[in-house]
Every structure is written in structure tokens, then in C-alpha cells.
Amino acid sequence: MLAVVIRGAGDLAIEGQETGDPDWGQVVVRVEAGGIGGTESFLYQNGISGPSGCVRMESLIPGHEVAGRIARIGPGVTGLRVGDLVAVDPRVPCGVCRCCRSGSPDLCLSPRILGTLMARRTPVQGAFRDEFLCAATQCVPAAFMDASALALSNPMATALRALSGAGELEGRRLLVVGNSTPAALAVAASRLHGVTSVAAASTEPQSLALAARLGADHTVDIERRPGALARPENRADVTLFFGASPERAALREAMLVDAVAPGGIVVLANAARLSIKTQKLFAARGIILRDAPQSDGQSKAFREAVSLIDSRHVQLDTLIERHYPMRDTRTAFEHATTHRGATKIQIAF
Ligand SMILES: [Zn+2]
């Protein structure tokens, strides 16, 4: 099989590697589509030295947002057949936490993520390869959509975790702040949660145009129209705040304080962080700050994401910026690192 391999900053190659045979409980997925996310772009731009405390390695196969078809099945696997279309959950159970040891690896409290480098963790090789050997429990089957749409399941799961962190959304005014695929997907999925209105705020005009296509009632360019969020009619009951690029974080935080109605809720999605100063301002206004759930029930959110995408209740065609064939992976990564906006660049394997 062929794999995309990153050895250092800007050092990307396609190499032949052995896939191996599926062992007990494992399957081989013939990967068809993989999305390049912030994680993959960061690895390509910065190399694989990793955070301190990370195990050193020669090379890393990137990729944690993939979908494809079951090609081979190992012993002991039930519920999957050769040819099934599946989305691959990028979370690899740790095997040692209390959930893993009590037979519920799908609830693992400390999963590792495919193709990432995390402090004090052994890296896991990712899924940007034409054949991928993994646990059958990571494969969530779908019936209708294609692999390209299903490769959006992980960012959709991130969006659903952010929405679930807000609690009851029926009849609430929602604001989604951010310039990422999960932020755009949160706009799309929020309609199914009964929100009264949904607004999108970002520093990127392309992301705002996408949010409008995905159902946002109004959009606010917080770089070019600062102050728009502070108008009382624009204030939200619930705000989802997705991770911000560092150079613009201060600007977004300043906007955020005025954007939330007194007594409202702010959900920090996808491990977003706010300064202590901003947190104190929220507390003074009775605004509740919550973290979106990160680890418990990960597989639940992923399965809901696959189901939602497969149901075709959200229109996702508009989210794919471009597909590149595997032989043009380097060009795809170059495009992804310069691409602005929340649309996705994918590789067809
Ligand atoms: Zn675990």
C-alpha cells in the first residue's frame, strides 16, 4: 500500500508500506477520502518534533479525518461486511483507563488521535494511506453518502460536542464564533436543535459566506465591522467559541464579551481558551462559561455525526473546497496551508 509520510517541516513523501493482515477485531479499510485539517497543516509546516515529552520518531503518517470501504475483515468482527462504506473514528482507545479496562473502549477517557503528536503520549500513525488497518470498533457504517461527505464526520462530531455543551437550545439565539470547519458545521447542525436564530462571526469573509450558505440568519465580520456584535439585537443567549488563531484571539475575545447577553452561556469548543481577564468580565456579567465535552462519549458524538451526515438533513456539498488525487498530496498540503476560510481540502486515495 501507499502512505503519505511527513519527516520534517515541508518534507512530505509518498512511500510503499506493508498493511499487514487484520488480527482479532480488526479490519482493513480501503481509504477513499481524507480531509486536511489544522492538525495536518501544522505537522506539514512545523515538522514532527512534537510537544515536549512526546516520543521521538523518524516519520509520521498524518491524517485523522478519513472514510472508505471495508476491504478485509479479521476474526471476531461482527456488523461489518466487505464493501461497507465507513467513516473512521480517529480516536484510538488508550487501553488502560477505567473505561477501557471495564470493556467500554468507546468511552475511553484518554484516547489518542490518529496522526497526531501529543505531550507525554506515544504518537499514533495516521490514516492518509490507501489501505488502513484499524479496530473494527473505529469504523462507523453509512448507507447513502459518499466517502468525501463521510470524511467530514470528525469535524461534525466536534461541532455536535460544542452544541451539546450548551445544553437546551430550543428557542435560544445562537452565535457561532470561529473560522474552522467545525464552526461552519455547528451553524448547519444548530437548525436541527430548534434554535430561534443562528449568527456566525469570523474574521474571514470566506467563512462568513460559507456560514450563510449553511443557514446562518446573519453574519458579522468582526475585523471589518467591529461593534456589530455589541448591538443589543445581535446579542446571543448561547455562544459557541471555537479556537482562534493567536494573532486575532485578543480581537475576538474583546468582541465576545459584548456579544453575549447578560446571563447567557459561552461554550469553549474544541479546547478553545480565553484569557483570565475575559473570564473575569464574563463572571461579572453573570455569563456562564463551559467547556465542550472532550473525552466522555466520544464515540457517541462521532456516531451521531455519521448518522446526521448520512441522513442528508444538512447540505454539505458546499463545504469541500477541492479534491486532489493522492499523487498530488504535496500540492494539496500547500493549498491547505495558504487556504483561508472554513471549507475543506480533501485527498482522494
Ligand atoms: Zn482508555
# chains A, B, ... in the order shown; residues from 1 in each chain; ligands from 1
$ residues_around --residues "A:Ala147" --least-positions-apart "3" --cutoff "6 Å" --atoms "only C-alpha atoms" --output "list of chain:residue names"
A:Ala33, A:Ala67, A:Gly68, A:Leu150, A:Ala151
$ residues_around --residues "stretch 316-318 of chain A" --least-positions-apart "2" --cutoff "7 Å" --atoms "only C-alpha atoms" --output "tab-separated table (two decimals) with all heavy atoms, in the first residue's frame"
chain	number	residue	atom	x	y	z
A	149	ALA	N	-18.14	13.05	1.77
A	149	ALA	CA	-19.01	13.63	2.80
A	149	ALA	C	-18.74	13.00	4.16
A	149	ALA	O	-18.68	13.69	5.19
A	149	ALA	CB	-20.47	13.45	2.41
A	314	VAL	N	-28.37	17.82	6.50
A	314	VAL	CA	-27.54	19.01	6.35
A	314	VAL	C	-26.85	18.94	4.98
A	314	VAL	O	-26.43	17.89	4.54
A	314	VAL	CB	-26.49	19.13	7.48
A	314	VAL	CG1	-27.14	19.55	8.77
A	314	VAL	CG2	-25.72	17.84	7.66
A	320	ILE	N	-16.74	21.35	0.64
A	320	ILE	CA	-15.49	20.83	0.08
A	320	ILE	C	-14.94	21.85	-0.91
A	320	ILE	O	-15.57	22.15	-1.92
A	320	ILE	CB	-15.70	19.47	-0.62
A	320	ILE	CG1	-16.47	18.49	0.28
A	320	ILE	CG2	-14.35	18.89	-1.05
A	320	ILE	CD1	-15.75	18.06	1.52
$ residues_near_ligand --ligand "ligand 1" --cutoff "9 Å" --atoms "only C-alpha atoms and all ligand atoms" --output "compact mmCIF listing (two decimals) with N, CA and C atoms, in the first residue's frame"
# COMPACT_ATOMS: atom_id res chain seq x y z
N VAL A 92 -8.21 6.45 19.19
CA VAL A 92 -7.72 5.11 19.47
C VAL A 92 -7.76 4.93 20.99
N PRO A 93 -8.57 3.99 21.49
CA PRO A 93 -8.68 3.82 22.94
C PRO A 93 -7.31 3.56 23.58
N CYS A 94 -7.10 4.14 24.79
CA CYS A 94 -5.79 4.04 25.45
C CYS A 94 -5.52 2.65 25.97
N GLY A 95 -6.58 1.90 26.30
CA GLY A 95 -6.40 0.53 26.78
C GLY A 95 -6.13 0.40 28.27
N VAL A 96 -5.90 1.52 28.96
CA VAL A 96 -5.53 1.42 30.38
C VAL A 96 -6.46 2.19 31.32
N CYS A 97 -7.31 3.10 30.81
CA CYS A 97 -8.18 3.86 31.72
C CYS A 97 -9.30 2.94 32.24
N ARG A 98 -10.07 3.45 33.21
CA ARG A 98 -11.08 2.59 33.83
C ARG A 98 -12.15 2.15 32.82
N CYS A 99 -12.48 3.01 31.83
CA CYS A 99 -13.48 2.62 30.84
C CYS A 99 -12.94 1.53 29.93
N CYS A 100 -11.69 1.70 29.47
CA CYS A 100 -11.09 0.68 28.61
C CYS A 100 -11.02 -0.66 29.33
N ARG A 101 -10.60 -0.62 30.63
CA ARG A 101 -10.42 -1.87 31.37
C ARG A 101 -11.74 -2.52 31.73
N SER A 104 -15.40 -0.92 27.95
CA SER A 104 -16.08 0.13 27.18
C SER A 104 -15.05 1.07 26.53
N PRO A 105 -14.24 0.54 25.60
CA PRO A 105 -13.22 1.39 24.98
C PRO A 105 -13.82 2.57 24.22
N ASP A 106 -15.10 2.46 23.84
CA ASP A 106 -15.75 3.58 23.14
C ASP A 106 -15.94 4.78 24.05
N LEU A 107 -15.82 4.57 25.37
CA LEU A 107 -15.94 5.68 26.33
C LEU A 107 -14.57 6.08 26.90
N CYS A 108 -13.49 5.62 26.24
CA CYS A 108 -12.13 5.87 26.74
C CYS A 108 -11.97 7.32 27.20
N LEU A 109 -11.40 7.48 28.40
CA LEU A 109 -11.24 8.82 28.98
C LEU A 109 -10.02 9.55 28.41
N SER A 110 -9.14 8.83 27.76
CA SER A 110 -7.89 9.43 27.33
C SER A 110 -7.45 8.89 25.97
N PRO A 111 -8.33 9.00 24.96
CA PRO A 111 -7.98 8.39 23.67
C PRO A 111 -6.83 9.14 22.98
N ARG A 112 -6.04 8.39 22.21
CA ARG A 112 -5.04 9.02 21.34
C ARG A 112 -5.72 9.27 19.99
$ select_by_dssp --residues "stretch 112-322 of chain A" --states "strand (DSSP E)" --output "PyMOL selection string"
chain A and resi 112-113+131-135+139-142+173-177+197-202+218-221+236-241+260-268+288-291+320-322
$ closest_atom_pairs --of "stretch 182-287 of chain A" --to "stretch 152-172 of chain A" --cutoff "12 Å" --atoms "only C-alpha atoms" --output "CSV"
residue,atom,partner,partner_atom,distance
A:Pro182,CA,A:Pro155,CA,4.8
A:Ala183,CA,A:Ala159,CA,6.4
A:Ala184,CA,A:Ala159,CA,8.2
A:Leu185,CA,A:Met156,CA,5.9
A:Ala186,CA,A:Ala159,CA,4.7
A:Val187,CA,A:Ala159,CA,8.5
A:Ala188,CA,A:Ala159,CA,9.3
A:Ala189,CA,A:Leu160,CA,7.5
A:Ser190,CA,A:Leu163,CA,7.3
A:Arg191,CA,A:Glu170,CA,9.7
A:Leu192,CA,A:Glu170,CA,9.5
A:His193,CA,A:Leu169,CA,6.0
A:Gly194,CA,A:Glu170,CA,4.5
A:Val195,CA,A:Gly171,CA,5.1
A:Thr196,CA,A:Gly171,CA,4.9
A:Ser197,CA,A:Arg172,CA,7.2
A:Val198,CA,A:Arg172,CA,8.9
A:Ala199,CA,A:Arg172,CA,11.5
A:Arg235,CA,A:Arg172,CA,11.0
A:Ala236,CA,A:Arg172,CA,7.8
A:Asp237,CA,A:Arg172,CA,5.9
A:Val238,CA,A:Ala166,CA,6.9
A:Thr239,CA,A:Ala166,CA,8.2
A:Leu240,CA,A:Ala162,CA,6.7
A:Phe241,CA,A:Ala162,CA,8.6
A:Phe242,CA,A:Ala162,CA,8.6
A:Gly243,CA,A:Ala162,CA,11.5
A:Ala261,CA,A:Arg172,CA,11.2
A:Gly264,CA,A:Arg172,CA,9.9
A:Ile265,CA,A:Ala166,CA,7.0
A:Val266,CA,A:Ala166,CA,7.6
A:Val267,CA,A:Ala166,CA,6.2
A:Leu268,CA,A:Ala162,CA,7.5
A:Ala269,CA,A:Ala162,CA,5.2
A:Asn270,CA,A:Thr158,CA,6.5
A:Ala271,CA,A:Ala162,CA,10.0
A:Ala272,CA,A:Ala162,CA,10.7
$ atom_distance --atom1 "atom CA of A:Gly227" --atom2 "atom CA of A:Leu210"
21.7 Å
$ atom_distance --atom1 "atom CA of A:Tyr324" --atom2 "atom CA of A:Ile36"
10.8 Å
$ closest_atom_pairs --of "stretch 115-197 of chain A" --to "stretch 325-346 of chain A" --cutoff "7 Å" --atoms "only C-alpha atoms" --output "JSON lines"
{"residue": "A:Asn179", "atom": "CA", "partner": "A:Ala342", "partner_atom": "CA", "distance": 5.6}
{"residue": "A:Ser180", "atom": "CA", "partner": "A:Ala342", "partner_atom": "CA", "distance": 4.5}
{"residue": "A:Thr181", "atom": "CA", "partner": "A:Ala342", "partner_atom": "CA", "distance": 4.7}
{"residue": "A:Ala184", "atom": "CA", "partner": "A:Ala342", "partner_atom": "CA", "distance": 6.7}
$ atom_distance --atom1 "atom CA of A:Gly286" --atom2 "atom CA of A:Ala201"
22.2 Å
